[in-house]
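Down below is the structure, laid out as C-alpha cells.
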Amino acid sequence: MTSTRPRRTDALTLEVVELIGAVVARYHQEYEEAAGRHGLTGAQARVLGLLALEPLPMRQIAQRLKCEPSNITGIVDRLEGRGFVERRPSPGDRRVKVAAPTPEGLQVAGSLRDSLDFAREPLAGLSREERVVFRDMLRRMLGVD
C-alpha cells in the first residue's frame, strides 16, 4: 500500500532524518557499551529494562521489542541464569508465566538506566518548555497521544 502523502525530500527534511539516525545510532552504541559493562548483551539489557517497569509474559515482551517470542525465551533463560529475572505465575491467569526482575535485576536495570547520559545531558540543557515541545513533536511523529 502506498502513502497518499507527498514525500518530503527537501534539504531540511533530509538533514533532520540524518540527525535522527545519528541520535539513534549513538544511543544504541552507548546502550551496548553500558550493557557490556554489566556482562549483558544489548538485547538482554533491553529486556531487563522493560521488565524493571513491570513483569510481563514472554509474548508481550516480544511484542514490545518487536521480535520473535522464541528469542525472548532464550534471553530470559540467560537473565534467569544470572539471577536477574525469575518466572512467576501470572496473577490474572496462573497458566501463564511472567518474567519479573529480581532485586538484583532491578539494581542492574537501574544502574544501566543511570549510566545512559547521552540523551539526558543535552536534554538537561533545554528549558522545560523546550523539552515539552520536543516530547510532543516526538509523540506526534510516532502517532502517540
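Each chain of the C-alpha cells is named A, B, ... in the order shown, its residues numbered from 1; ligands are numbered from 1 in display order.
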
Give the helix (DSSP H, G or I) residues of region 2-140 of chain A, as DSSP finds them on the backbone, and put them as a VMD selection string. chain A and resid 11 to 37 42 to 53 58 to 65 69 to 81 103 to 115 117 to 124 128 to 140

Neighbour list for region 40-49 of chain A as a VMD selection string, cut-off 8 Å, only C-alpha atoms, skip fewer than 5 positions in-chain: chain A and resid 31 to 32 35 61 75 to 76 79 84 to 85 101 105 to 106 109 to 110 112 to 113

Store the residues picked out above in a file with all heavy atoms, as a tab-separated table (two decimals), in the first residue's frame.
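Saved result, selection-v9.tsv, follows:
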```
chain	number	residue	atom	x	y	z
A	31	TYR	N	24.14	2.32	24.73
A	31	TYR	CA	23.37	1.28	25.40
A	31	TYR	C	24.15	-0.04	25.38
A	31	TYR	O	24.23	-0.73	26.40
A	31	TYR	CB	22.00	1.12	24.74
A	31	TYR	CG	20.98	0.51	25.64
A	31	TYR	CD1	20.21	1.29	26.48
A	31	TYR	CD2	20.76	-0.87	25.65
A	31	TYR	CE1	19.25	0.73	27.32
A	31	TYR	CE2	19.81	-1.43	26.48
A	31	TYR	CZ	19.07	-0.63	27.32
A	31	TYR	OH	18.14	-1.20	28.15
A	32	GLU	N	24.73	-0.38	24.23
A	32	GLU	CA	25.52	-1.62	24.11
A	32	GLU	C	26.73	-1.56	25.03
A	32	GLU	O	27.08	-2.56	25.68
A	32	GLU	CB	25.96	-1.83	22.66
A	32	GLU	CG	24.85	-2.12	21.69
A	32	GLU	CD	24.26	-3.52	21.83
A	32	GLU	OE1	24.96	-4.43	22.28
A	32	GLU	OE2	23.08	-3.69	21.46
A	35	ALA	N	25.54	-2.00	28.62
A	35	ALA	CA	25.17	-3.40	28.83
A	35	ALA	C	26.42	-4.25	29.01
A	35	ALA	O	26.48	-5.10	29.90
A	35	ALA	CB	24.34	-3.90	27.65
A	61	ILE	N	6.58	-9.25	25.95
A	61	ILE	CA	7.94	-8.74	25.82
A	61	ILE	C	8.32	-8.71	24.34
A	61	ILE	O	8.83	-7.72	23.82
A	61	ILE	CB	8.96	-9.60	26.60
A	61	ILE	CG1	8.64	-9.59	28.09
A	61	ILE	CG2	10.38	-9.11	26.35
A	61	ILE	CD1	9.41	-10.63	28.89
A	75	ILE	N	16.66	-15.23	25.88
A	75	ILE	CA	17.19	-14.09	26.62
A	75	ILE	C	16.78	-14.18	28.09
A	75	ILE	O	17.61	-13.98	28.99
A	75	ILE	CB	16.70	-12.76	25.98
A	75	ILE	CG1	17.35	-12.57	24.60
A	75	ILE	CG2	17.00	-11.57	26.90
A	75	ILE	CD1	16.73	-11.45	23.78
A	76	VAL	N	15.52	-14.50	28.34
A	76	VAL	CA	15.05	-14.62	29.72
A	76	VAL	C	15.75	-15.78	30.41
A	76	VAL	O	16.12	-15.68	31.59
A	76	VAL	CB	13.51	-14.74	29.78
A	76	VAL	CG1	13.03	-15.13	31.17
A	76	VAL	CG2	12.86	-13.42	29.34
A	79	LEU	N	19.08	-14.42	31.48
A	79	LEU	CA	18.92	-13.48	32.59
A	79	LEU	C	18.55	-14.21	33.88
A	79	LEU	O	19.03	-13.86	34.97
A	79	LEU	CB	17.85	-12.43	32.26
A	79	LEU	CG	18.22	-11.40	31.20
A	79	LEU	CD1	17.01	-10.57	30.80
A	79	LEU	CD2	19.36	-10.51	31.69
A	84	PHE	N	18.99	-12.39	37.53
A	84	PHE	CA	18.40	-11.08	37.32
A	84	PHE	C	16.88	-11.13	37.10
A	84	PHE	O	16.20	-10.13	37.25
A	84	PHE	CB	19.04	-10.38	36.11
A	84	PHE	CG	20.50	-10.08	36.28
A	84	PHE	CD1	21.32	-9.97	35.18
A	84	PHE	CD2	21.07	-9.90	37.53
A	84	PHE	CE1	22.67	-9.68	35.31
A	84	PHE	CE2	22.42	-9.62	37.69
A	84	PHE	CZ	23.23	-9.51	36.57
A	85	VAL	N	16.39	-12.30	36.70
A	85	VAL	CA	14.97	-12.45	36.35
A	85	VAL	C	14.48	-13.77	36.91
A	85	VAL	O	15.26	-14.73	37.03
A	85	VAL	CB	14.80	-12.43	34.80
A	85	VAL	CG1	13.43	-12.87	34.37
A	85	VAL	CG2	15.10	-11.04	34.25
A	101	PRO	N	11.73	-9.07	37.29
A	101	PRO	CA	13.10	-8.86	37.76
A	101	PRO	C	13.24	-9.24	39.23
A	101	PRO	O	12.31	-9.07	40.02
A	101	PRO	CB	13.30	-7.35	37.56
A	101	PRO	CG	11.93	-6.78	37.68
A	101	PRO	CD	11.00	-7.82	37.10
A	105	GLY	N	18.26	-7.88	39.71
A	105	GLY	CA	17.93	-7.43	38.37
A	105	GLY	C	17.47	-5.99	38.34
A	105	GLY	O	17.83	-5.22	37.45
A	106	LEU	N	16.67	-5.60	39.33
A	106	LEU	CA	16.22	-4.20	39.42
A	106	LEU	C	17.41	-3.27	39.65
A	106	LEU	O	17.47	-2.17	39.09
A	106	LEU	CB	15.21	-4.03	40.56
A	106	LEU	CG	13.81	-4.56	40.28
A	106	LEU	CD1	12.96	-4.51	41.55
A	106	LEU	CD2	13.15	-3.77	39.16
A	109	ALA	N	19.24	-3.00	36.32
A	109	ALA	CA	18.45	-2.18	35.39
A	109	ALA	C	18.56	-0.71	35.75
A	109	ALA	O	18.70	0.16	34.87
A	109	ALA	CB	16.99	-2.63	35.40
A	110	GLY	N	18.52	-0.39	37.03
A	110	GLY	CA	18.68	0.99	37.47
A	110	GLY	C	20.05	1.54	37.16
A	110	GLY	O	20.19	2.68	36.71
A	112	LEU	N	22.00	0.53	34.74
A	112	LEU	CA	22.04	0.72	33.28
A	112	LEU	C	21.36	2.03	32.90
A	112	LEU	O	21.92	2.84	32.16
A	112	LEU	CB	21.32	-0.42	32.57
A	112	LEU	CG	22.12	-1.68	32.32
A	112	LEU	CD1	21.19	-2.84	31.99
A	112	LEU	CD2	23.11	-1.46	31.21
A	113	ARG	N	20.18	2.25	33.42
A	113	ARG	CA	19.41	3.47	33.11
A	113	ARG	C	20.20	4.71	33.53
A	113	ARG	O	20.28	5.69	32.80
A	113	ARG	CB	18.05	3.40	33.81
A	113	ARG	CG	17.12	4.53	33.46
A	113	ARG	CD	15.77	4.42	34.17
A	113	ARG	NE	15.92	4.24	35.61
A	113	ARG	CZ	15.65	3.12	36.30
A	113	ARG	NH1	15.18	2.07	35.67
A	113	ARG	NH2	15.83	3.05	37.60
```

12 Å contact set for Gln63 (chain A), only C-alpha atoms, chain neighbours under 6 positions out, as number ranges by chain: A: 47, 50, 56-57, 69-72

Emit the selected residues as a compact mmCIF listing (two decimals), in the first residue's frame, including N, CA and C atoms.
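And here's out23.txt as it stands now:
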```
# COMPACT_ATOMS: atom_id res chain seq x y z
N VAL A 47 15.58 -6.18 27.58
CA VAL A 47 14.55 -6.99 28.24
C VAL A 47 14.54 -6.68 29.73
N LEU A 50 12.90 -3.35 30.36
CA LEU A 50 11.46 -3.43 30.17
C LEU A 50 10.79 -4.10 31.38
N LEU A 56 6.17 -9.13 32.81
CA LEU A 56 5.41 -9.35 31.57
C LEU A 56 5.53 -10.80 31.11
N PRO A 57 4.48 -11.31 30.44
CA PRO A 57 4.61 -12.61 29.77
C PRO A 57 5.57 -12.48 28.57
N PRO A 69 8.96 -14.44 19.91
CA PRO A 69 8.90 -14.94 21.29
C PRO A 69 10.00 -15.96 21.61
N SER A 70 10.40 -16.77 20.64
CA SER A 70 11.45 -17.76 20.91
C SER A 70 12.77 -17.07 21.26
N ASN A 71 13.04 -15.91 20.68
CA ASN A 71 14.25 -15.16 21.04
C ASN A 71 14.18 -14.68 22.48
N ILE A 72 12.99 -14.24 22.89
CA ILE A 72 12.81 -13.74 24.25
C ILE A 72 13.01 -14.85 25.26
```

Expressed in Å, the length from CA of Val96 (chain A) to CA of Val144 (chain A) is 29.1 Å

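With CA of Thr73 (chain A) on one side and CA of Asp93 (chain A) on the other, the separation reads 19.0 Å.
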
Compile the contact shell of region 11-26 of chain A as a PyMOL selection string: residues with an atom at most 12 Å away, counting only C-alpha atoms, same-chain residues fewer than 4 positions apart removed. chain A and resi 7+30-33+116-119+122+138+141

Any chance you could export the current selection's N, CA, C and O atoms as an mmCIF file, in the first residue's frame?
```cif
data_model
loop_
_atom_site.group_PDB
_atom_site.id
_atom_site.type_symbol
_atom_site.label_atom_id
_atom_site.label_comp_id
_atom_site.auth_asym_id
_atom_site.auth_seq_id
_atom_site.Cartn_x
_atom_site.Cartn_y
_atom_site.Cartn_z
ATOM 1 N N ARG A 7 6.033 12.758 -0.578
ATOM 2 C CA ARG A 7 7.317 12.509 0.074
ATOM 3 C C ARG A 7 8.063 13.821 0.195
ATOM 4 O O ARG A 7 8.124 14.593 -0.746
ATOM 5 N N GLU A 30 25.852 3.619 22.975
ATOM 6 C CA GLU A 30 26.016 3.829 24.411
ATOM 7 C C GLU A 30 25.303 2.732 25.200
ATOM 8 O O GLU A 30 25.814 2.254 26.215
ATOM 9 N N TYR A 31 24.135 2.323 24.726
ATOM 10 C CA TYR A 31 23.373 1.277 25.403
ATOM 11 C C TYR A 31 24.148 -0.040 25.380
ATOM 12 O O TYR A 31 24.226 -0.735 26.396
ATOM 13 N N GLU A 32 24.725 -0.379 24.229
ATOM 14 C CA GLU A 32 25.515 -1.616 24.105
ATOM 15 C C GLU A 32 26.728 -1.561 25.035
ATOM 16 O O GLU A 32 27.075 -2.559 25.676
ATOM 17 N N GLU A 33 27.393 -0.410 25.110
ATOM 18 C CA GLU A 33 28.560 -0.270 25.982
ATOM 19 C C GLU A 33 28.162 -0.407 27.448
ATOM 20 O O GLU A 33 28.844 -1.079 28.224
ATOM 21 N N LEU A 116 23.164 5.944 31.176
ATOM 22 C CA LEU A 116 22.890 6.427 29.819
ATOM 23 C C LEU A 116 22.768 7.950 29.830
ATOM 24 O O LEU A 116 21.698 8.502 29.957
ATOM 25 N N ASP A 117 23.897 8.612 29.695
ATOM 26 C CA ASP A 117 23.938 10.070 29.772
ATOM 27 C C ASP A 117 23.787 10.750 28.426
ATOM 28 O O ASP A 117 23.539 11.953 28.377
ATOM 29 N N PHE A 118 23.949 10.027 27.332
ATOM 30 C CA PHE A 118 23.996 10.652 26.014
ATOM 31 C C PHE A 118 22.817 11.581 25.762
ATOM 32 O O PHE A 118 22.999 12.738 25.416
ATOM 33 N N ALA A 119 21.610 11.098 25.935
ATOM 34 C CA ALA A 119 20.445 11.939 25.663
ATOM 35 C C ALA A 119 20.098 12.815 26.859
ATOM 36 O O ALA A 119 19.682 13.952 26.697
ATOM 37 N N PRO A 122 22.313 16.411 27.172
ATOM 38 C CA PRO A 122 21.909 17.513 26.291
ATOM 39 C C PRO A 122 20.479 17.986 26.563
ATOM 40 O O PRO A 122 20.195 19.180 26.478
ATOM 41 N N LEU A 138 8.022 14.455 19.131
ATOM 42 C CA LEU A 138 8.350 13.032 19.001
ATOM 43 C C LEU A 138 7.088 12.185 19.082
ATOM 44 O O LEU A 138 6.913 11.246 18.295
ATOM 45 N N MET A 141 5.301 12.449 15.811
ATOM 46 C CA MET A 141 5.957 11.648 14.775
ATOM 47 C C MET A 141 5.626 10.171 14.913
ATOM 48 O O MET A 141 5.498 9.454 13.928
#
```

Residues of region 9-139 of chain A in strand (DSSP E), written as a PyMOL selection string: chain A and resi 56-57+85-89+97-101
